[in-house]
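> If it helps, the file is called run-v7.tsv and holds TSV, C-alpha atoms:
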chain	number	residue	atom	x	y	z
Y	21	GLY	CA	101.20	43.47	178.45
Y	22	ALA	CA	102.88	46.62	177.14
Y	23	VAL	CA	105.52	45.05	174.92
Y	24	VAL	CA	107.38	47.17	172.41
Y	25	SER	CA	109.72	45.66	169.85
Y	26	GLN	CA	112.33	47.16	167.58
Y	27	HIS	CA	113.88	45.84	164.42
Y	28	PRO	CA	116.70	45.46	163.72
Y	29	SER	CA	118.45	45.17	167.07
Y	30	TRP	CA	121.69	46.25	165.46
Y	31	VAL	CA	122.77	47.47	162.03
Y	32	ILE	CA	126.05	48.38	160.39
Y	33	CYS	CA	125.99	50.49	157.27
Y	34	LYS	CA	128.29	52.48	155.03
Y	35	SER	CA	128.43	56.24	155.18
Y	36	GLY	CA	125.89	57.84	152.86
Y	37	THR	CA	123.32	55.06	152.99
Y	38	SER	CA	119.90	55.22	154.62
Y	39	VAL	CA	118.76	52.97	157.44
Y	40	LYS	CA	115.20	52.26	158.56
Y	41	ILE	CA	114.36	51.22	162.12
Y	42	GLU	CA	110.95	49.81	163.00
Y	43	CYS	CA	109.16	50.17	166.31
Y	44	ARG	CA	106.09	48.08	167.06
Y	45	SER	CA	103.68	47.91	169.96
Y	46	LEU	CA	102.79	44.24	170.17
Y	47	ASP	CA	99.88	44.09	172.55
Y	48	PHE	CA	98.39	47.56	172.66
Y	49	GLN	CA	97.54	50.40	170.35
Y	50	ALA	CA	100.12	53.16	170.50
Y	51	THR	CA	98.54	56.52	169.88
Y	52	THR	CA	101.86	58.22	170.51
Y	53	MET	CA	105.38	57.00	169.87
Y	54	PHE	CA	108.64	58.65	170.81
Y	55	TRP	CA	112.15	58.29	169.43
Y	56	TYR	CA	115.26	58.72	171.53
Y	57	ARG	CA	118.98	58.58	170.93
Y	58	GLN	CA	121.56	57.56	173.49
Y	59	PHE	CA	125.31	57.96	173.21
Y	60	PRO	CA	127.68	55.83	175.34
Y	61	LYS	CA	127.54	56.64	179.05
Y	62	GLN	CA	124.97	59.36	178.45
Y	63	SER	CA	121.29	59.67	179.13
Y	64	LEU	CA	118.50	59.33	176.59
Y	65	MET	CA	117.80	62.33	174.42
Y	66	LEU	CA	114.32	62.81	173.01
Y	67	MET	CA	114.42	63.29	169.25
Y	68	ALA	CA	110.77	63.44	168.25
Y	69	THR	CA	107.19	62.66	169.13
Y	70	SER	CA	104.84	61.08	166.63
Y	71	ASN	CA	101.10	60.65	166.78
Y	72	GLU	CA	99.36	58.15	164.55
Y	73	GLY	CA	98.38	59.75	161.28
Y	74	SER	CA	100.11	63.05	162.00
Y	75	LYS	CA	103.48	64.56	161.22
Y	76	ALA	CA	106.11	64.06	163.86
Y	77	THR	CA	107.12	66.88	166.18
Y	78	TYR	CA	110.88	67.20	166.40
Y	79	GLU	CA	112.88	68.49	169.33
Y	80	GLN	CA	115.06	71.53	168.86
Y	81	GLY	CA	118.28	70.71	167.08
Y	82	VAL	CA	117.04	67.49	165.48
Y	83	GLU	CA	117.04	67.63	161.68
Y	84	LYS	CA	113.66	66.45	160.44
Y	85	ASP	CA	114.96	65.90	156.90
Y	86	LYS	CA	117.67	63.63	158.20
Y	87	PHE	CA	115.59	61.65	160.67
Y	88	LEU	CA	112.35	60.78	158.90
Y	89	ILE	CA	109.61	59.48	161.16
Y	90	ASN	CA	106.45	57.78	160.00
Y	91	HIS	CA	103.65	56.62	162.29
Y	92	ALA	CA	101.23	55.16	159.79
Y	93	SER	CA	99.36	52.80	162.09
Y	94	LEU	CA	98.55	52.40	165.77
Y	95	THR	CA	101.15	49.68	166.14
Y	96	LEU	CA	104.04	50.79	163.93
Y	97	SER	CA	106.38	53.74	163.73
Y	98	THR	CA	109.54	53.92	161.65
Y	99	LEU	CA	112.65	56.05	161.92
Y	100	THR	CA	114.75	56.43	158.79
Y	101	VAL	CA	118.23	57.84	159.15
Y	102	THR	CA	118.96	59.31	155.73
Y	103	SER	CA	122.47	59.64	154.34
Y	104	ALA	CA	123.94	58.31	157.55
Y	105	HIS	CA	127.38	59.44	158.67
Y	106	PRO	CA	129.68	58.13	161.42
Y	107	GLU	CA	128.44	60.80	163.83
Y	108	ASP	CA	124.95	59.27	163.56
Y	109	SER	CA	126.26	56.09	165.16
Y	110	SER	CA	124.28	55.70	168.35
Y	111	PHE	CA	121.74	53.63	170.25
Y	112	TYR	CA	118.23	54.48	169.03
Y	113	ILE	CA	115.32	53.66	171.31
Y	114	CYS	CA	111.61	54.04	170.71
Y	115	SER	CA	108.79	54.15	173.22
Y	116	ALA	CA	105.04	54.00	172.95
Y	117	SER	CA	102.06	55.07	174.96
Y	118	GLY	CA	98.50	54.22	174.22
Y	119	THR	CA	94.98	54.22	175.49
Y	120	GLY	CA	93.22	52.71	178.47
Y	121	ASP	CA	95.66	51.08	180.87
Y	122	PHE	CA	98.56	52.24	178.71
Y	123	THR	CA	97.76	55.93	178.84
Y	124	ASP	CA	100.32	58.29	180.42
Y	125	THR	CA	103.00	55.61	180.60
Y	126	GLN	CA	105.73	55.13	178.02
Y	127	TYR	CA	106.93	51.62	177.35
Y	128	PHE	CA	110.29	51.31	175.70
Y	129	GLY	CA	111.64	49.04	173.02
Y	130	PRO	CA	114.94	47.18	173.41
Y	131	GLY	CA	116.85	49.65	171.26
Y	132	THR	CA	118.73	49.52	167.95
Y	133	ARG	CA	122.49	49.91	167.79
Y	134	LEU	CA	123.47	51.79	164.62
Y	135	THR	CA	127.08	51.83	163.50
Y	136	VAL	CA	127.97	53.89	160.46
Y	137	LEU	CA	131.34	53.10	158.90
Q	105	LEU	CA	108.56	70.14	181.68
Q	106	ALA	CA	109.72	69.90	185.28
Q	107	LYS	CA	113.42	69.23	185.72
Q	108	THR	CA	114.40	66.40	188.05
Q	109	THR	CA	117.44	66.10	190.29
Q	110	GLN	CA	118.66	62.81	191.70
Q	111	PRO	CA	121.97	61.51	193.07
Q	112	ILE	CA	124.43	60.50	190.37
Q	113	SER	CA	125.41	57.27	192.08
Q	114	MET	CA	124.63	55.06	195.06
Q	115	ASP	CA	126.16	51.93	196.50
Q	116	SER	CA	124.36	49.22	198.39
Q	117	TYR	CA	124.76	45.60	199.46
Q	118	GLU	CA	122.69	42.60	198.63
Q	119	GLY	CA	119.62	42.23	200.81
Q	120	GLN	CA	119.44	45.88	201.80
Q	121	GLU	CA	116.60	48.26	201.09
Q	122	VAL	CA	117.56	51.08	198.74
Q	123	ASN	CA	115.83	54.44	198.66
Q	124	ILE	CA	116.53	56.85	195.81
Q	125	THR	CA	115.12	60.33	196.20
Q	126	CYS	CA	114.35	62.65	193.33
Q	127	SER	CA	113.43	66.32	193.50
Q	128	HIS	CA	111.09	67.97	191.00
Q	129	ASN	CA	110.28	71.39	192.41
Q	130	ASN	CA	108.47	72.66	189.32
Q	131	ILE	CA	106.09	69.74	188.86
Q	132	ALA	CA	102.78	70.79	187.33
Q	133	THR	CA	99.30	69.74	188.32
Q	134	ASN	CA	98.87	67.33	185.40
Q	135	ASP	CA	102.32	65.73	185.70
Q	136	TYR	CA	102.96	62.12	186.72
Q	137	ILE	CA	106.13	60.77	188.29
Q	138	THR	CA	107.60	57.70	186.66
Q	139	TRP	CA	110.70	55.64	187.41
Q	140	TYR	CA	112.58	53.50	184.92
Q	141	GLN	CA	115.47	51.07	185.19
Q	142	GLN	CA	118.05	50.72	182.44
Q	143	PHE	CA	120.72	48.10	181.92
Q	144	PRO	CA	123.58	48.69	179.46
Q	145	SER	CA	122.55	48.41	175.80
Q	146	GLN	CA	118.89	47.92	176.67
Q	147	GLY	CA	115.85	50.15	176.57
Q	148	PRO	CA	114.55	51.53	179.87
Q	149	ARG	CA	112.18	49.26	181.77
Q	150	PHE	CA	109.14	50.71	183.52
Q	151	ILE	CA	109.27	50.28	187.29
Q	152	ILE	CA	106.50	52.34	188.82
Q	153	GLN	CA	104.40	55.43	188.32
Q	154	GLY	CA	102.46	57.64	190.68
Q	155	TYR	CA	100.68	60.94	191.10
Q	156	LYS	CA	100.54	61.35	194.88
Q	157	THR	CA	100.85	59.49	198.19
Q	158	LYS	CA	102.16	55.95	197.97
Q	159	VAL	CA	102.15	53.41	195.19
Q	160	THR	CA	103.37	49.84	195.53
Q	161	ASN	CA	103.79	47.06	193.03
Q	162	GLU	CA	105.58	43.73	192.99
Q	163	VAL	CA	109.03	45.26	192.56
Q	164	ALA	CA	109.07	48.67	194.24
Q	165	SER	CA	107.28	51.35	196.20
Q	166	LEU	CA	106.99	55.01	195.34
Q	167	PHE	CA	106.49	57.62	198.03
Q	168	ILE	CA	105.24	61.08	197.04
Q	169	PRO	CA	104.66	63.76	199.69
Q	170	ALA	CA	101.66	66.04	199.60
Q	171	ASP	CA	103.51	68.91	197.88
Q	172	ARG	CA	104.74	66.50	195.16
Q	173	LYS	CA	108.05	68.35	194.92
Q	174	SER	CA	109.99	65.16	195.49
Q	175	SER	CA	109.55	61.42	195.32
Q	176	THR	CA	111.37	58.39	196.68
Q	177	LEU	CA	111.76	55.06	194.95
Q	178	SER	CA	112.17	52.22	197.41
Q	179	LEU	CA	113.64	48.90	196.30
Q	180	PRO	CA	113.27	46.19	198.96
Q	181	ARG	CA	116.10	43.71	199.46
Q	182	VAL	CA	118.17	44.47	196.37
Q	183	SER	CA	120.22	41.83	194.60
Q	184	LEU	CA	123.24	42.03	192.33
Q	185	SER	CA	120.92	42.04	189.32
Q	186	ASP	CA	119.47	45.36	190.47
Q	187	THR	CA	122.73	47.08	189.51
Q	188	ALA	CA	121.54	49.52	186.86
Q	189	VAL	CA	120.77	53.16	186.13
Q	190	TYR	CA	117.52	54.43	187.60
Q	191	TYR	CA	115.75	57.39	186.07
Q	192	CYS	CA	113.18	59.58	187.75
Q	193	LEU	CA	110.99	61.39	185.27
Q	194	VAL	CA	108.12	63.80	185.34
Q	195	SER	CA	105.81	63.31	182.41
Q	196	SER	CA	103.46	65.93	181.14
Q	197	GLY	CA	99.88	64.78	181.41
Q	198	ASN	CA	99.20	66.85	178.30
Q	199	THR	CA	101.98	65.83	175.90
Q	200	GLY	CA	103.35	62.71	177.55
Q	201	LYS	CA	106.90	63.88	176.84
Q	202	LEU	CA	109.72	62.63	179.03
Q	203	ILE	CA	112.99	64.50	179.45
Q	204	PHE	CA	115.67	62.24	180.88
Q	205	GLY	CA	118.22	63.51	183.38
Q	206	GLN	CA	121.47	61.76	184.17
Q	207	GLY	CA	119.85	59.11	186.36
Q	208	THR	CA	121.22	57.35	189.43
Q	209	THR	CA	123.72	54.57	188.90
Q	210	LEU	CA	123.05	51.98	191.60
Q	211	GLN	CA	125.85	49.55	192.33
Q	212	VAL	CA	124.85	46.55	194.42
Q	213	LYS	CA	127.76	44.74	196.03
Q	214	PRO	CA	127.86	41.18	197.37
Could you show the structure in this file as structure tokens?

Amino acid sequence: GAVVSQHPSWVICKSGTSVKIECRSLDFQATTMFWYRQFPKQSLMLMATSNEGSKATYEQGVEKDKFLINHASLTLSTLTVTSAHPEDSSFYICSASGTGDFTDTQYFGPGTRLTVL
Amino acid sequence: LAKTTQPISMDSYEGQEVNITCSHNNIATNDYITWYQQFPSQGPRFIIQGYKTKVTNEVASLFIPADRKSSTLSLPRVSLSDTAVYYCLVSSGNTGKLIFGQGTTLQVKP
């Protein structure tokens, strides 16, 4: 149990384009999903928290108009990087926590490698 | 959220038991302690979670003293494949947020 998937696993795009990353909880209902970013040889940095049906809560310093988060269902959250630039190149990881046995524990997806040219 | 402090790196040999200690002096009443393992270019993998005393599962044990200001992850008989970064985190029971520190890079040698 507690499987979280991400799609795509990697993406290369041109500067100025938008990229959407999907995060799905496959075997449980995720009431809360989190988005992280990780640069090479650094730790994970929390970007935002999203609850199903509510607006995401962004961490200080994260531009909400640039990183659009949608959590429309209990199994799917999306992160859209709008007008991506080379400095947005990073490893994006989502996590999900749910109800019952999956409360209080975050389960992470495999990550999405974004490269902006 | 309580800040955690753990050693930056540790070395071990195959077959040995590895103990990684983490301090979290400002842990709150509702906070849980969770450990994750991360390999390069992968998402963190849940290892174990606890609130107090001792928790054991098929891969590790977690020891938490009564004051909960520290915790120790114990990995029995490590193998080369256990070489990874290990993160100790304190999660808010209210918000569920996790703030990652630098983690402990464990290098297992043959």
> Could you list the residues in chain Q lying within 12 Å of chain Y, using all atoms listed in the file, and format the result as a PDB file with C-alpha atoms, in the coordinates of the input?

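In the end it all went to result16.pdb:
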ATOM      1  CA  ILE Q 112     124.430  60.500 190.370  1.00  0.00           C
ATOM      2  CA  ASN Q 134      98.870  67.330 185.400  1.00  0.00           C
ATOM      3  CA  ASP Q 135     102.320  65.730 185.700  1.00  0.00           C
ATOM      4  CA  TYR Q 136     102.960  62.120 186.720  1.00  0.00           C
ATOM      5  CA  ILE Q 137     106.130  60.770 188.290  1.00  0.00           C
ATOM      6  CA  THR Q 138     107.600  57.700 186.660  1.00  0.00           C
ATOM      7  CA  TRP Q 139     110.700  55.640 187.410  1.00  0.00           C
ATOM      8  CA  TYR Q 140     112.580  53.500 184.920  1.00  0.00           C
ATOM      9  CA  GLN Q 141     115.470  51.070 185.190  1.00  0.00           C
ATOM     10  CA  GLN Q 142     118.050  50.720 182.440  1.00  0.00           C
ATOM     11  CA  PHE Q 143     120.720  48.100 181.920  1.00  0.00           C
ATOM     12  CA  PRO Q 144     123.580  48.690 179.460  1.00  0.00           C
ATOM     13  CA  SER Q 145     122.550  48.410 175.800  1.00  0.00           C
ATOM     14  CA  GLN Q 146     118.890  47.920 176.670  1.00  0.00           C
ATOM     15  CA  GLY Q 147     115.850  50.150 176.570  1.00  0.00           C
ATOM     16  CA  PRO Q 148     114.550  51.530 179.870  1.00  0.00           C
ATOM     17  CA  ARG Q 149     112.180  49.260 181.770  1.00  0.00           C
ATOM     18  CA  PHE Q 150     109.140  50.710 183.520  1.00  0.00           C
ATOM     19  CA  ILE Q 151     109.270  50.280 187.290  1.00  0.00           C
ATOM     20  CA  ILE Q 152     106.500  52.340 188.820  1.00  0.00           C
ATOM     21  CA  GLN Q 153     104.400  55.430 188.320  1.00  0.00           C
ATOM     22  CA  GLY Q 154     102.460  57.640 190.680  1.00  0.00           C
ATOM     23  CA  TYR Q 155     100.680  60.940 191.100  1.00  0.00           C
ATOM     24  CA  VAL Q 189     120.770  53.160 186.130  1.00  0.00           C
ATOM     25  CA  TYR Q 190     117.520  54.430 187.600  1.00  0.00           C
ATOM     26  CA  TYR Q 191     115.750  57.390 186.070  1.00  0.00           C
ATOM     27  CA  CYS Q 192     113.180  59.580 187.750  1.00  0.00           C
ATOM     28  CA  LEU Q 193     110.990  61.390 185.270  1.00  0.00           C
ATOM     29  CA  VAL Q 194     108.120  63.800 185.340  1.00  0.00           C
ATOM     30  CA  SER Q 195     105.810  63.310 182.410  1.00  0.00           C
ATOM     31  CA  SER Q 196     103.460  65.930 181.140  1.00  0.00           C
ATOM     32  CA  GLY Q 197      99.880  64.780 181.410  1.00  0.00           C
ATOM     33  CA  ASN Q 198      99.200  66.850 178.300  1.00  0.00           C
ATOM     34  CA  THR Q 199     101.980  65.830 175.900  1.00  0.00           C
ATOM     35  CA  GLY Q 200     103.350  62.710 177.550  1.00  0.00           C
ATOM     36  CA  LYS Q 201     106.900  63.880 176.840  1.00  0.00           C
ATOM     37  CA  LEU Q 202     109.720  62.630 179.030  1.00  0.00           C
ATOM     38  CA  ILE Q 203     112.990  64.500 179.450  1.00  0.00           C
ATOM     39  CA  PHE Q 204     115.670  62.240 180.880  1.00  0.00           C
ATOM     40  CA  GLY Q 205     118.220  63.510 183.380  1.00  0.00           C
ATOM     41  CA  GLN Q 206     121.470  61.760 184.170  1.00  0.00           C
ATOM     42  CA  GLY Q 207     119.850  59.110 186.360  1.00  0.00           C
ATOM     43  CA  THR Q 208     121.220  57.350 189.430  1.00  0.00           C
ATOM     44  CA  THR Q 209     123.720  54.570 188.900  1.00  0.00           C
TER      45      THR Q 209
END
> Using all atoms listed in the file, can you tell me which of Y:Gly118, Y:Ile41, Y:Ser109, Y:His27 comes closest to Leu137 in chain Y?
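Counting all atoms listed in the file, the residue closest to Leu137 in chain Y is Y:Ser109.
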> Quick one, how far is CA of Asp115 in chain Q from CA of Thr176 in chain Q?
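Here the two named atoms are 16.1 Å from each other.
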> So the first atom is CA of Ile168 in chain Q and the second is CA of Asp186 in chain Q; what is the distance between them in Å, to one decimal place?
22.2 Å
> Have a look at CA of Ser175 in chain Q and CA of Ser113 in chain Q and let me know their distance in Å, one decimal.
16.7 Å
> Mind checking which residues fall within 9 Å of Gly36 in chain Y, counting only C-alpha atoms, ignoring those fewer than 5 positions away in the same chain, and posting them as a PyMOL selection string?
chain Y and resi 102-105+136
> Determine the nearest neighbour of Leu184 in chain Q from the options Q:Thr160, Q:Asn129, Q:Thr108, Q:Gln120, counting all atoms listed in the file.
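For Leu184 in chain Q, the nearest of the given residues is Q:Gln120.
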> If you count all atoms listed in the file, which residues fall within 12 Å of Leu94 in chain Y, apart from same-chain ones fewer than 6 positions away, as a PyMOL selection string?
chain Y and resi 43-53+70-74+116-119
> For the residues selected in the previous step, produce a file with C-alpha atoms as a PDB file, in the coordinates of the input.

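Result written to selection_28.pdb:
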ATOM      1  CA  CYS Y  43     109.160  50.170 166.310  1.00  0.00           C
ATOM      2  CA  ARG Y  44     106.090  48.080 167.060  1.00  0.00           C
ATOM      3  CA  SER Y  45     103.680  47.910 169.960  1.00  0.00           C
ATOM      4  CA  LEU Y  46     102.790  44.240 170.170  1.00  0.00           C
ATOM      5  CA  ASP Y  47      99.880  44.090 172.550  1.00  0.00           C
ATOM      6  CA  PHE Y  48      98.390  47.560 172.660  1.00  0.00           C
ATOM      7  CA  GLN Y  49      97.540  50.400 170.350  1.00  0.00           C
ATOM      8  CA  ALA Y  50     100.120  53.160 170.500  1.00  0.00           C
ATOM      9  CA  THR Y  51      98.540  56.520 169.880  1.00  0.00           C
ATOM     10  CA  THR Y  52     101.860  58.220 170.510  1.00  0.00           C
ATOM     11  CA  MET Y  53     105.380  57.000 169.870  1.00  0.00           C
ATOM     12  CA  SER Y  70     104.840  61.080 166.630  1.00  0.00           C
ATOM     13  CA  ASN Y  71     101.100  60.650 166.780  1.00  0.00           C
ATOM     14  CA  GLU Y  72      99.360  58.150 164.550  1.00  0.00           C
ATOM     15  CA  GLY Y  73      98.380  59.750 161.280  1.00  0.00           C
ATOM     16  CA  SER Y  74     100.110  63.050 162.000  1.00  0.00           C
ATOM     17  CA  ALA Y 116     105.040  54.000 172.950  1.00  0.00           C
ATOM     18  CA  SER Y 117     102.060  55.070 174.960  1.00  0.00           C
ATOM     19  CA  GLY Y 118      98.500  54.220 174.220  1.00  0.00           C
ATOM     20  CA  THR Y 119      94.980  54.220 175.490  1.00  0.00           C
TER      21      THR Y 119
END
> Is it possible to dump range 41-60 of chain Y as a compact mmCIF listing (two decimals), in the first residue's frame, including just N, CA, C and O atoms?

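Generated output (out.txt):
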# COMPACT_ATOMS: atom_id res chain seq x y z
N ILE Y 41 3.10 18.71 -14.14
CA ILE Y 41 3.54 17.46 -13.51
C ILE Y 41 2.37 16.91 -12.70
O ILE Y 41 1.74 17.65 -11.92
N GLU Y 42 2.10 15.63 -12.89
CA GLU Y 42 0.99 15.00 -12.17
C GLU Y 42 1.50 14.14 -11.02
O GLU Y 42 2.53 13.49 -11.14
N CYS Y 43 0.74 14.14 -9.95
CA CYS Y 43 1.05 13.32 -8.78
C CYS Y 43 -0.21 12.55 -8.40
O CYS Y 43 -1.26 13.17 -8.19
N ARG Y 44 -0.11 11.25 -8.35
CA ARG Y 44 -1.28 10.42 -8.05
C ARG Y 44 -1.01 9.47 -6.89
O ARG Y 44 0.05 8.87 -6.80
N SER Y 45 -2.00 9.37 -6.00
CA SER Y 45 -1.96 8.33 -4.98
C SER Y 45 -2.73 7.15 -5.55
O SER Y 45 -3.89 7.28 -5.93
N LEU Y 46 -2.08 6.00 -5.65
CA LEU Y 46 -2.66 4.88 -6.38
C LEU Y 46 -3.54 3.97 -5.55
O LEU Y 46 -4.46 3.34 -6.08
N ASP Y 47 -3.29 3.88 -4.27
CA ASP Y 47 -4.04 2.92 -3.48
C ASP Y 47 -4.57 3.51 -2.18
O ASP Y 47 -4.92 2.77 -1.26
N PHE Y 48 -4.63 4.82 -2.11
CA PHE Y 48 -5.25 5.44 -0.95
C PHE Y 48 -5.73 6.83 -1.34
O PHE Y 48 -5.31 7.39 -2.35
N GLN Y 49 -6.61 7.38 -0.54
CA GLN Y 49 -7.11 8.71 -0.81
C GLN Y 49 -6.25 9.74 -0.08
O GLN Y 49 -6.07 9.67 1.13
N ALA Y 50 -5.71 10.65 -0.86
CA ALA Y 50 -4.77 11.64 -0.33
C ALA Y 50 -5.51 12.94 -0.01
O ALA Y 50 -5.83 13.71 -0.90
N THR Y 51 -5.77 13.15 1.25
CA THR Y 51 -6.44 14.38 1.64
C THR Y 51 -5.48 15.58 1.54
O THR Y 51 -5.91 16.70 1.32
N THR Y 52 -4.21 15.31 1.70
CA THR Y 52 -3.21 16.37 1.62
C THR Y 52 -2.05 15.91 0.73
O THR Y 52 -1.59 14.78 0.85
N MET Y 53 -1.64 16.80 -0.14
CA MET Y 53 -0.47 16.53 -0.97
C MET Y 53 0.52 17.67 -0.82
O MET Y 53 0.13 18.82 -0.59
N PHE Y 54 1.78 17.34 -0.94
CA PHE Y 54 2.84 18.31 -0.77
C PHE Y 54 3.75 18.29 -2.01
O PHE Y 54 3.96 17.23 -2.61
N TRP Y 55 4.29 19.44 -2.33
CA TRP Y 55 5.23 19.53 -3.45
C TRP Y 55 6.57 20.06 -2.93
O TRP Y 55 6.63 21.03 -2.18
N TYR Y 56 7.63 19.37 -3.36
CA TYR Y 56 8.98 19.72 -2.96
C TYR Y 56 9.83 19.94 -4.21
O TYR Y 56 9.54 19.44 -5.30
N ARG Y 57 10.93 20.64 -3.99
CA ARG Y 57 11.93 20.82 -5.05
C ARG Y 57 13.28 20.47 -4.45
O ARG Y 57 13.55 20.78 -3.27
N GLN Y 58 14.11 19.81 -5.25
CA GLN Y 58 15.42 19.42 -4.76
C GLN Y 58 16.47 19.72 -5.82
O GLN Y 58 16.40 19.19 -6.94
N PHE Y 59 17.44 20.54 -5.45
CA PHE Y 59 18.56 20.83 -6.33
C PHE Y 59 19.67 19.83 -6.06
O PHE Y 59 19.71 19.21 -4.98
N PRO Y 60 20.59 19.65 -7.03
CA PRO Y 60 21.65 18.64 -6.87
C PRO Y 60 22.41 18.78 -5.56
O PRO Y 60 22.80 19.89 -5.17
